[in-house]
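One file, coords09.csv, is given below (CSV, C-alpha atoms).
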```csv
chain,number,residue,atom,x,y,z
C,27,MET,CA,243.4,152.8,47.9
C,28,SER,CA,244.3,152.3,44.3
C,29,ARG,CA,241.4,151.2,42.1
C,30,ARG,CA,241.9,148.4,39.7
C,31,PRO,CA,241.0,149.2,36.2
C,32,PRO,CA,237.9,147.5,35.0
C,33,GLN,CA,238.5,144.3,33.1
C,34,ARG,CA,237.3,144.2,29.5
C,35,ARG,CA,235.2,141.2,28.6
C,36,ASN,CA,236.3,139.5,25.5
C,37,PRO,CA,233.4,139.3,23.1
C,38,ALA,CA,232.3,135.7,22.4
C,39,ARG,CA,234.2,134.1,19.5
C,40,ARG,CA,232.1,133.2,16.6
C,41,PRO,CA,232.6,129.6,15.6
C,42,ARG,CA,234.4,129.3,12.4
C,43,ARG,CA,232.3,127.9,9.6
C,44,SER,CA,233.9,125.0,7.8
C,45,ARG,CA,234.2,125.8,4.2
C,46,ARG,CA,233.0,122.8,2.2
C,47,ARG,CA,234.3,122.5,-1.2
C,48,ARG,CA,231.6,122.5,-3.8
C,49,GLN,CA,231.7,119.4,-5.9
C,50,ASP,CA,232.0,120.1,-9.6
C,51,PRO,CA,228.7,118.8,-11.2
C,52,THR,CA,230.6,117.8,-14.3
C,53,GLN,CA,233.0,115.5,-12.4
C,54,PRO,CA,230.7,112.3,-12.5
C,55,LEU,CA,230.1,112.9,-16.2
C,56,VAL,CA,233.8,113.2,-16.9
C,57,MET,CA,234.5,110.0,-14.9
C,58,GLY,CA,231.7,108.1,-16.7
C,59,GLY,CA,233.1,109.3,-20.1
C,60,VAL,CA,236.6,108.1,-19.2
C,61,ALA,CA,235.2,104.7,-18.1
C,62,ALA,CA,233.2,104.4,-21.4
C,63,VAL,CA,236.2,105.3,-23.5
C,64,ALA,CA,238.3,102.7,-21.6
C,65,ALA,CA,235.7,100.0,-22.1
C,66,ILE,CA,235.3,100.8,-25.8
C,67,SER,CA,239.1,100.8,-26.3
C,68,LEU,CA,239.3,97.4,-24.5
C,69,ALA,CA,236.5,96.0,-26.6
C,70,VAL,CA,238.1,97.2,-29.8
C,71,THR,CA,241.5,95.7,-28.8
C,72,VAL,CA,239.9,92.3,-28.0
C,73,VAL,CA,238.0,92.3,-31.3
C,74,ASN,CA,241.1,93.2,-33.3
C,75,TRP,CA,243.0,90.5,-31.5
C,76,LEU,CA,240.3,87.9,-32.2
C,77,ILE,CA,240.2,88.9,-35.9
C,78,ALA,CA,244.0,88.5,-36.1
C,79,HIS,CA,243.8,85.2,-34.3
C,80,TRP,CA,240.6,83.8,-35.8
C,81,TRP,CA,241.7,80.2,-35.2
C,82,VAL,CA,241.2,80.7,-31.4
C,83,LEU,CA,237.4,81.2,-32.1
C,84,ALA,CA,237.4,78.1,-34.3
C,85,VAL,CA,239.1,76.0,-31.6
C,86,ALA,CA,236.7,77.3,-28.9
C,87,ALA,CA,233.7,76.5,-31.1
C,88,LEU,CA,235.0,73.0,-31.8
C,89,VAL,CA,235.6,72.4,-28.1
C,90,LEU,CA,232.1,73.6,-27.2
C,91,LEU,CA,230.6,71.4,-30.0
C,92,LEU,CA,232.4,68.3,-28.8
C,93,GLY,CA,231.5,69.0,-25.2
C,94,GLY,CA,227.8,69.4,-26.1
C,95,LEU,CA,227.9,66.1,-28.1
C,96,GLY,CA,229.5,64.3,-25.2
C,97,TRP,CA,226.9,65.7,-22.8
C,98,TRP,CA,224.1,64.7,-25.0
C,99,GLN,CA,225.4,61.2,-25.5
C,100,GLN,CA,225.9,60.7,-21.8
C,101,ARG,CA,222.3,61.9,-21.1
C,102,THR,CA,220.9,59.6,-23.8
C,103,ARG,CA,222.8,56.6,-22.3
C,104,ARG,CA,221.6,57.4,-18.9
C,105,ALA,CA,218.0,57.7,-20.1
C,106,ARG,CA,218.2,54.3,-21.9
C,107,TRP,CA,219.8,52.7,-18.9
C,108,GLN,CA,216.9,54.0,-16.7
C,109,GLN,CA,214.4,52.7,-19.2
C,110,ALA,CA,216.0,49.3,-19.3
C,111,GLN,CA,216.1,49.2,-15.5
C,112,ALA,CA,212.4,50.1,-15.4
C,113,ARG,CA,211.5,47.4,-17.9
C,114,ALA,CA,213.3,44.8,-15.9
C,115,LEU,CA,211.5,45.7,-12.7
C,116,ARG,CA,209.9,42.7,-11.1
C,117,TYR,CA,208.3,42.1,-7.7
C,118,GLY,CA,207.4,38.8,-6.1
C,119,LEU,CA,204.4,38.6,-3.8
C,120,ALA,CA,206.7,37.8,-0.9
C,121,GLN,CA,208.6,41.0,-1.5
C,122,LEU,CA,205.4,43.0,-1.7
C,123,ASP,CA,204.0,41.5,1.5
C,124,ALA,CA,207.2,42.4,3.3
C,125,LEU,CA,206.8,46.1,2.4
C,126,THR,CA,205.3,48.8,4.5
C,127,HIS,CA,202.2,50.6,3.3
C,128,ARG,CA,204.2,53.6,2.0
C,129,GLN,CA,206.7,51.3,0.3
C,130,PHE,CA,203.9,49.4,-1.3
C,131,GLU,CA,202.6,52.7,-2.8
C,132,TYR,CA,206.1,53.4,-4.2
C,133,ALA,CA,206.2,49.9,-5.7
C,134,VAL,CA,202.9,50.5,-7.5
C,135,ARG,CA,204.2,53.8,-8.8
C,136,ASP,CA,207.4,52.1,-10.1
C,137,LEU,CA,205.3,49.4,-11.9
C,138,MET,CA,203.2,52.1,-13.6
C,139,TYR,CA,206.5,53.8,-14.6
C,140,ARG,CA,207.7,50.5,-16.0
C,141,ASP,CA,204.6,50.3,-18.1
C,142,GLY,CA,205.3,53.6,-19.8
C,143,CYS,CA,203.7,56.2,-17.4
C,144,ALA,CA,206.5,58.7,-17.4
C,145,ASP,CA,204.7,61.0,-14.9
C,146,ALA,CA,203.8,58.3,-12.4
C,147,VAL,CA,203.9,59.8,-8.9
C,148,GLN,CA,203.2,58.7,-5.3
C,149,VAL,CA,200.8,61.1,-3.6
C,150,GLY,CA,199.5,59.0,-0.7
C,151,GLY,CA,199.6,60.5,2.7
C,152,GLN,CA,197.5,62.6,5.1
C,153,GLY,CA,194.7,64.3,3.1
C,154,ASP,CA,195.3,62.3,-0.1
C,155,LEU,CA,191.5,62.0,-0.7
C,156,GLY,CA,191.7,58.4,-1.7
C,157,ALA,CA,194.6,58.7,-4.2
C,158,ASP,CA,197.9,57.0,-3.5
C,159,VAL,CA,199.3,56.9,-7.0
C,160,LYS,CA,198.6,59.0,-10.1
C,161,ALA,CA,199.8,58.4,-13.6
C,162,THR,CA,199.1,59.1,-17.3
C,163,ASP,CA,199.5,56.1,-19.6
C,164,PRO,CA,200.9,56.3,-23.2
C,165,TYR,CA,197.3,56.6,-24.5
C,166,GLY,CA,196.6,59.8,-22.5
C,167,ARG,CA,194.4,58.2,-19.9
C,168,ARG,CA,194.7,59.5,-16.4
C,169,TRP,CA,194.9,56.8,-13.7
C,170,VAL,CA,194.1,57.3,-10.0
C,171,ILE,CA,195.1,54.3,-7.8
C,172,GLN,CA,194.4,53.6,-4.2
C,173,CYS,CA,196.6,51.1,-2.5
C,174,LYS,CA,195.6,48.8,0.4
C,175,HIS,CA,198.6,46.9,1.7
C,176,ARG,CA,198.0,43.9,4.0
C,177,ARG,CA,200.9,42.6,6.0
C,178,ASN,CA,199.5,39.1,6.1
C,179,GLY,CA,198.6,39.1,2.4
C,180,SER,CA,195.5,37.0,1.7
C,181,GLN,CA,195.1,36.3,5.4
C,182,GLY,CA,194.7,40.0,6.2
C,183,ALA,CA,191.4,42.0,6.3
C,184,ALA,CA,189.7,42.0,3.0
C,185,VAL,CA,189.0,45.3,1.1
C,186,GLY,CA,185.3,46.0,1.3
C,187,THR,CA,182.6,48.4,0.0
C,188,PRO,CA,183.4,51.3,2.4
C,189,GLU,CA,187.0,51.6,1.1
C,190,LEU,CA,185.7,51.5,-2.5
C,191,GLN,CA,183.0,54.1,-1.7
C,192,VAL,CA,185.7,56.5,-0.6
C,193,LEU,CA,187.7,55.9,-3.8
C,194,ASN,CA,184.6,56.2,-6.0
C,195,GLY,CA,183.6,59.5,-4.3
C,196,THR,CA,187.0,61.2,-5.2
C,197,GLY,CA,188.5,59.4,-8.1
C,198,ARG,CA,186.7,61.1,-10.9
C,199,PRO,CA,185.0,64.1,-9.3
C,200,VAL,CA,188.1,65.3,-7.4
C,201,HIS,CA,191.1,63.8,-9.1
C,202,LYS,CA,189.7,63.9,-12.7
C,203,ALA,CA,190.6,60.3,-13.4
C,204,ASP,CA,189.7,58.3,-16.5
C,205,ILE,CA,190.5,55.0,-14.8
C,206,VAL,CA,190.1,54.5,-11.1
C,207,VAL,CA,191.8,51.4,-9.6
C,208,MET,CA,192.0,49.7,-6.2
C,209,VAL,CA,195.2,47.7,-5.7
C,210,THR,CA,195.8,45.3,-2.8
C,211,ASN,CA,198.0,42.4,-2.0
C,212,GLY,CA,195.1,40.9,-0.2
C,213,ARG,CA,191.5,40.0,-0.9
C,214,ILE,CA,188.4,42.0,-2.0
C,215,THR,CA,184.9,41.1,-0.6
C,216,ARG,CA,182.1,39.9,-2.9
C,217,PRO,CA,179.9,43.0,-2.1
C,218,GLY,CA,182.9,45.2,-2.9
C,219,ARG,CA,183.3,43.5,-6.3
C,220,VAL,CA,179.7,44.1,-7.1
C,221,PHE,CA,179.9,47.7,-6.1
C,222,ALA,CA,183.1,48.2,-8.2
C,223,GLN,CA,181.4,46.7,-11.2
C,224,GLN,CA,178.4,49.0,-10.8
C,225,GLN,CA,180.6,52.1,-10.4
C,226,ARG,CA,183.2,51.2,-13.1
C,227,LEU,CA,186.0,50.8,-10.6
C,228,HIS,CA,188.9,48.5,-11.5
C,229,LEU,CA,190.2,45.9,-9.0
C,230,VAL,CA,193.7,44.5,-8.7
C,231,ASP,CA,193.6,41.8,-6.1
C,232,ARG,CA,196.4,39.5,-5.1
C,233,GLN,CA,196.0,37.3,-8.2
C,234,VAL,CA,196.1,40.1,-10.7
C,235,LEU,CA,198.8,41.8,-8.7
C,236,ALA,CA,201.0,38.7,-9.1
C,237,GLN,CA,200.5,38.7,-12.8
C,238,TRP,CA,201.3,42.4,-13.1
C,239,ALA,CA,204.3,42.6,-10.7
C,240,THR,CA,206.1,39.4,-11.8
C,241,GLY,CA,205.4,39.8,-15.5
C,242,SER,CA,205.9,42.4,-18.2
C,243,ARG,CA,202.4,43.1,-19.4
C,244,PRO,CA,201.1,46.6,-18.6
C,245,LEU,CA,198.2,46.9,-16.2
C,246,TRP,CA,195.7,48.1,-18.8
C,247,GLU,CA,196.2,44.8,-20.7
C,248,LEU,CA,195.4,42.8,-17.6
C,249,LEU,CA,192.2,44.7,-16.8
C,250,ARG,CA,189.2,43.5,-18.8
C,251,VAL,CA,187.3,46.8,-19.0
C,252,ALA,CA,188.9,50.2,-19.9
C,253,PRO,CA,187.5,53.6,-20.9
C,254,PRO,CA,187.6,54.6,-24.6
C,255,LEU,CA,191.1,55.7,-25.6
C,256,ARG,CA,191.9,59.4,-26.0
C,257,ARG,CA,194.5,60.9,-28.1
C,258,PRO,CA,198.0,60.8,-26.6
C,259,THR,CA,198.8,64.0,-24.5
C,260,PRO,CA,202.1,65.8,-24.4
C,261,ARG,CA,202.7,64.3,-20.9
C,262,SER,CA,202.2,60.7,-22.2
```
Final structure tokens representation of the file:
Amino acid sequence: MSRRPPQRRNPARRPRRSRRRRQDPTQPLVMGGVAAVAAISLAVTVVNWLIAHWWVLAVAALVLLLGGLGWWQQRTRRARWQQAQARALRYGLAQLDALTHRQFEYAVRDLMYRDGCADAVQVGGQGDLGADVKATDPYGRRWVIQCKHRRNGSQGAAVGTPELQVLNGTGRPVHKADIVVMVTNGRITRPGRVFAQQQRLHLVDRQVLAQWATGSRPLWELLRVAPPLRRPTPRS
């Protein structure tokens, strides 16, 4: 028998290591320098062009000036129109009776704005702590107003001492009011009026509300008693 020559085992081939090209550390610097040079060249070109064509800058400045004047005039006209609309605001008692409670709060806010309280805001809602409208009058006095709307007007439930006690407990201590007011399109009980006088609360019942809403006199002129005037604030 002939013997086969022993087969030679091929040694395991070592994996070839991929040769990564080393990045030149100076390449980013070179690229940044090229970009900077290009930007400077562009800026110099633009500046030279503008110097040679100076009238372009003059025309652009004139256009911007005219545009700014037009915008300012339009803004001034809009503000004057809004002020005129506010001064012309009137509510009849029938209109106020037909409102919802929330709409009544907004109507009181609008009347305060009409009287010159530029920051008048409606804040009534859940957790309002007795304040439905807040405003600062032109004399710097801070007003806190609670609104009680009665769908049936004078035939509805009268505002009594309990409601006024809530307002008295939060108007000055919590809301930091100078003037605390209860406004209603209905009635206020006699004990409520006595309590309000004792606690320096101001009442706007249906009669006073009619004078205020249908006329043009501000509320502080209709109320008999008012705190001492302070110096006007920046918000007034």
Sorted per-residue table, range 159-209 of chain C near range 227-247 of chain C, closest atoms and distance, 6 Å, all atoms listed in the file, as a Markdown table:
```
| residue | atom | partner | partner_atom | distance |
| --- | --- | --- | --- | --- |
| C:Val206 | CA | C:Leu227 | CA | 5.5 |
| C:Val207 | CA | C:His228 | CA | 4.5 |
| C:Met208 | CA | C:Leu229 | CA | 5.1 |
| C:Val209 | CA | C:Val230 | CA | 4.6 |
```
inquiry  = Is it possible to get the residues within 12 Å of (181.9, 49.5, -9.4) (coordinates as in the file, counting only C-alpha atoms) written as a VMD selection string?
reply    = chain C and resid 186 to 187 189 to 195 197 205 to 208 216 to 229 251
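Counting only C-alpha atoms and comparing C:Pro199, C:Gly166, C:Gly58, C:Gly182, the residue that lies closest to Asp123 in chain C is C:Gly182.
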inquiry  = So that I can check the surroundings of range 141-150 of chain C, please list as a PyMOL selection string every protein, DNA and RNA residue that reaches within 9 Å of it, counting only C-alpha atoms and ignoring chain neighbours fewer than 6 positions away.
reply    = chain C and resi 112-113+128+131-132+134-135+156-164+172-173+242-245+261-262
Between CA of Val85 in chain C and CA of Gln99 in chain C - distance in Å to one decimal =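 Here the two named atoms are 21.1 Å from each other.
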Give me range 133-152 of chain C with N, CA, C and O atoms filled in, as an mmCIF file, in the coordinates of the input.
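Generated file (result08.cif):
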```cif
data_model
loop_
_atom_site.group_PDB
_atom_site.id
_atom_site.type_symbol
_atom_site.label_atom_id
_atom_site.label_comp_id
_atom_site.auth_asym_id
_atom_site.auth_seq_id
_atom_site.Cartn_x
_atom_site.Cartn_y
_atom_site.Cartn_z
ATOM 1 N N ALA C 133 206.088 51.037 -4.792
ATOM 2 C CA ALA C 133 206.200 49.900 -5.700
ATOM 3 C C ALA C 133 205.195 49.954 -6.806
ATOM 4 O O ALA C 133 205.510 49.689 -7.983
ATOM 5 N N VAL C 134 203.959 50.312 -6.466
ATOM 6 C CA VAL C 134 202.900 50.500 -7.500
ATOM 7 C C VAL C 134 203.271 51.586 -8.448
ATOM 8 O O VAL C 134 203.105 51.467 -9.664
ATOM 9 N N ARG C 135 203.786 52.685 -7.907
ATOM 10 C CA ARG C 135 204.200 53.800 -8.800
ATOM 11 C C ARG C 135 205.311 53.313 -9.737
ATOM 12 O O ARG C 135 205.278 53.635 -10.931
ATOM 13 N N ASP C 136 206.288 52.551 -9.245
ATOM 14 C CA ASP C 136 207.400 52.100 -10.100
ATOM 15 C C ASP C 136 206.862 51.133 -11.178
ATOM 16 O O ASP C 136 207.369 51.135 -12.318
ATOM 17 N N LEU C 137 205.864 50.330 -10.869
ATOM 18 C CA LEU C 137 205.300 49.400 -11.900
ATOM 19 C C LEU C 137 204.568 50.221 -12.957
ATOM 20 O O LEU C 137 204.648 49.877 -14.141
ATOM 21 N N MET C 138 203.885 51.281 -12.565
ATOM 22 C CA MET C 138 203.200 52.100 -13.600
ATOM 23 C C MET C 138 204.278 52.816 -14.447
ATOM 24 O O MET C 138 204.093 52.947 -15.661
ATOM 25 N N TYR C 139 205.367 53.234 -13.842
ATOM 26 C CA TYR C 139 206.500 53.800 -14.600
ATOM 27 C C TYR C 139 207.056 52.821 -15.581
ATOM 28 O O TYR C 139 207.389 53.145 -16.721
ATOM 29 N N ARG C 140 207.193 51.599 -15.121
ATOM 30 C CA ARG C 140 207.700 50.500 -16.000
ATOM 31 C C ARG C 140 206.815 50.326 -17.190
ATOM 32 O O ARG C 140 207.291 50.053 -18.298
ATOM 33 N N ASP C 141 205.508 50.495 -17.003
ATOM 34 C CA ASP C 141 204.600 50.300 -18.100
ATOM 35 C C ASP C 141 204.513 51.430 -19.075
ATOM 36 O O ASP C 141 203.772 51.371 -20.055
ATOM 37 N N GLY C 142 205.255 52.499 -18.820
ATOM 38 C CA GLY C 142 205.300 53.600 -19.800
ATOM 39 C C GLY C 142 204.660 54.887 -19.271
ATOM 40 O O GLY C 142 204.517 55.830 -20.056
ATOM 41 N N CYS C 143 204.259 54.944 -18.006
ATOM 42 C CA CYS C 143 203.700 56.200 -17.400
ATOM 43 C C CYS C 143 204.805 57.045 -16.913
ATOM 44 O O CYS C 143 205.231 56.901 -15.755
ATOM 45 N N ALA C 144 205.297 57.936 -17.737
ATOM 46 C CA ALA C 144 206.500 58.700 -17.400
ATOM 47 C C ALA C 144 206.243 59.666 -16.226
ATOM 48 O O ALA C 144 207.189 60.088 -15.562
ATOM 49 N N ASP C 145 204.987 60.028 -15.992
ATOM 50 C CA ASP C 145 204.700 61.000 -14.900
ATOM 51 C C ASP C 145 204.139 60.331 -13.669
ATOM 52 O O ASP C 145 203.559 61.009 -12.816
ATOM 53 N N ALA C 146 204.297 59.016 -13.546
ATOM 54 C CA ALA C 146 203.800 58.300 -12.400
ATOM 55 C C ALA C 146 204.345 58.892 -11.099
ATOM 56 O O ALA C 146 205.552 59.106 -10.988
ATOM 57 N N VAL C 147 203.466 59.150 -10.121
ATOM 58 C CA VAL C 147 203.900 59.800 -8.900
ATOM 59 C C VAL C 147 203.125 59.223 -7.714
ATOM 60 O O VAL C 147 201.947 58.877 -7.831
ATOM 61 N N GLN C 148 203.817 59.103 -6.587
ATOM 62 C CA GLN C 148 203.200 58.700 -5.300
ATOM 63 C C GLN C 148 202.687 59.893 -4.623
ATOM 64 O O GLN C 148 203.433 60.819 -4.361
ATOM 65 N N VAL C 149 201.401 59.901 -4.284
ATOM 66 C CA VAL C 149 200.800 61.100 -3.600
ATOM 67 C C VAL C 149 200.104 60.697 -2.338
ATOM 68 O O VAL C 149 199.461 61.549 -1.717
ATOM 69 N N GLY C 150 200.197 59.433 -1.938
ATOM 70 C CA GLY C 150 199.500 59.000 -0.700
ATOM 71 C C GLY C 150 200.057 59.636 0.513
ATOM 72 O O GLY C 150 201.237 59.957 0.609
ATOM 73 N N GLY C 151 199.203 59.839 1.478
ATOM 74 C CA GLY C 151 199.600 60.500 2.700
ATOM 75 C C GLY C 151 198.371 61.104 3.360
ATOM 76 O O GLY C 151 197.225 60.892 2.931
ATOM 77 N N GLN C 152 198.601 61.903 4.377
ATOM 78 C CA GLN C 152 197.500 62.600 5.100
ATOM 79 C C GLN C 152 196.799 63.539 4.116
ATOM 80 O O GLN C 152 197.434 64.355 3.470
#
```
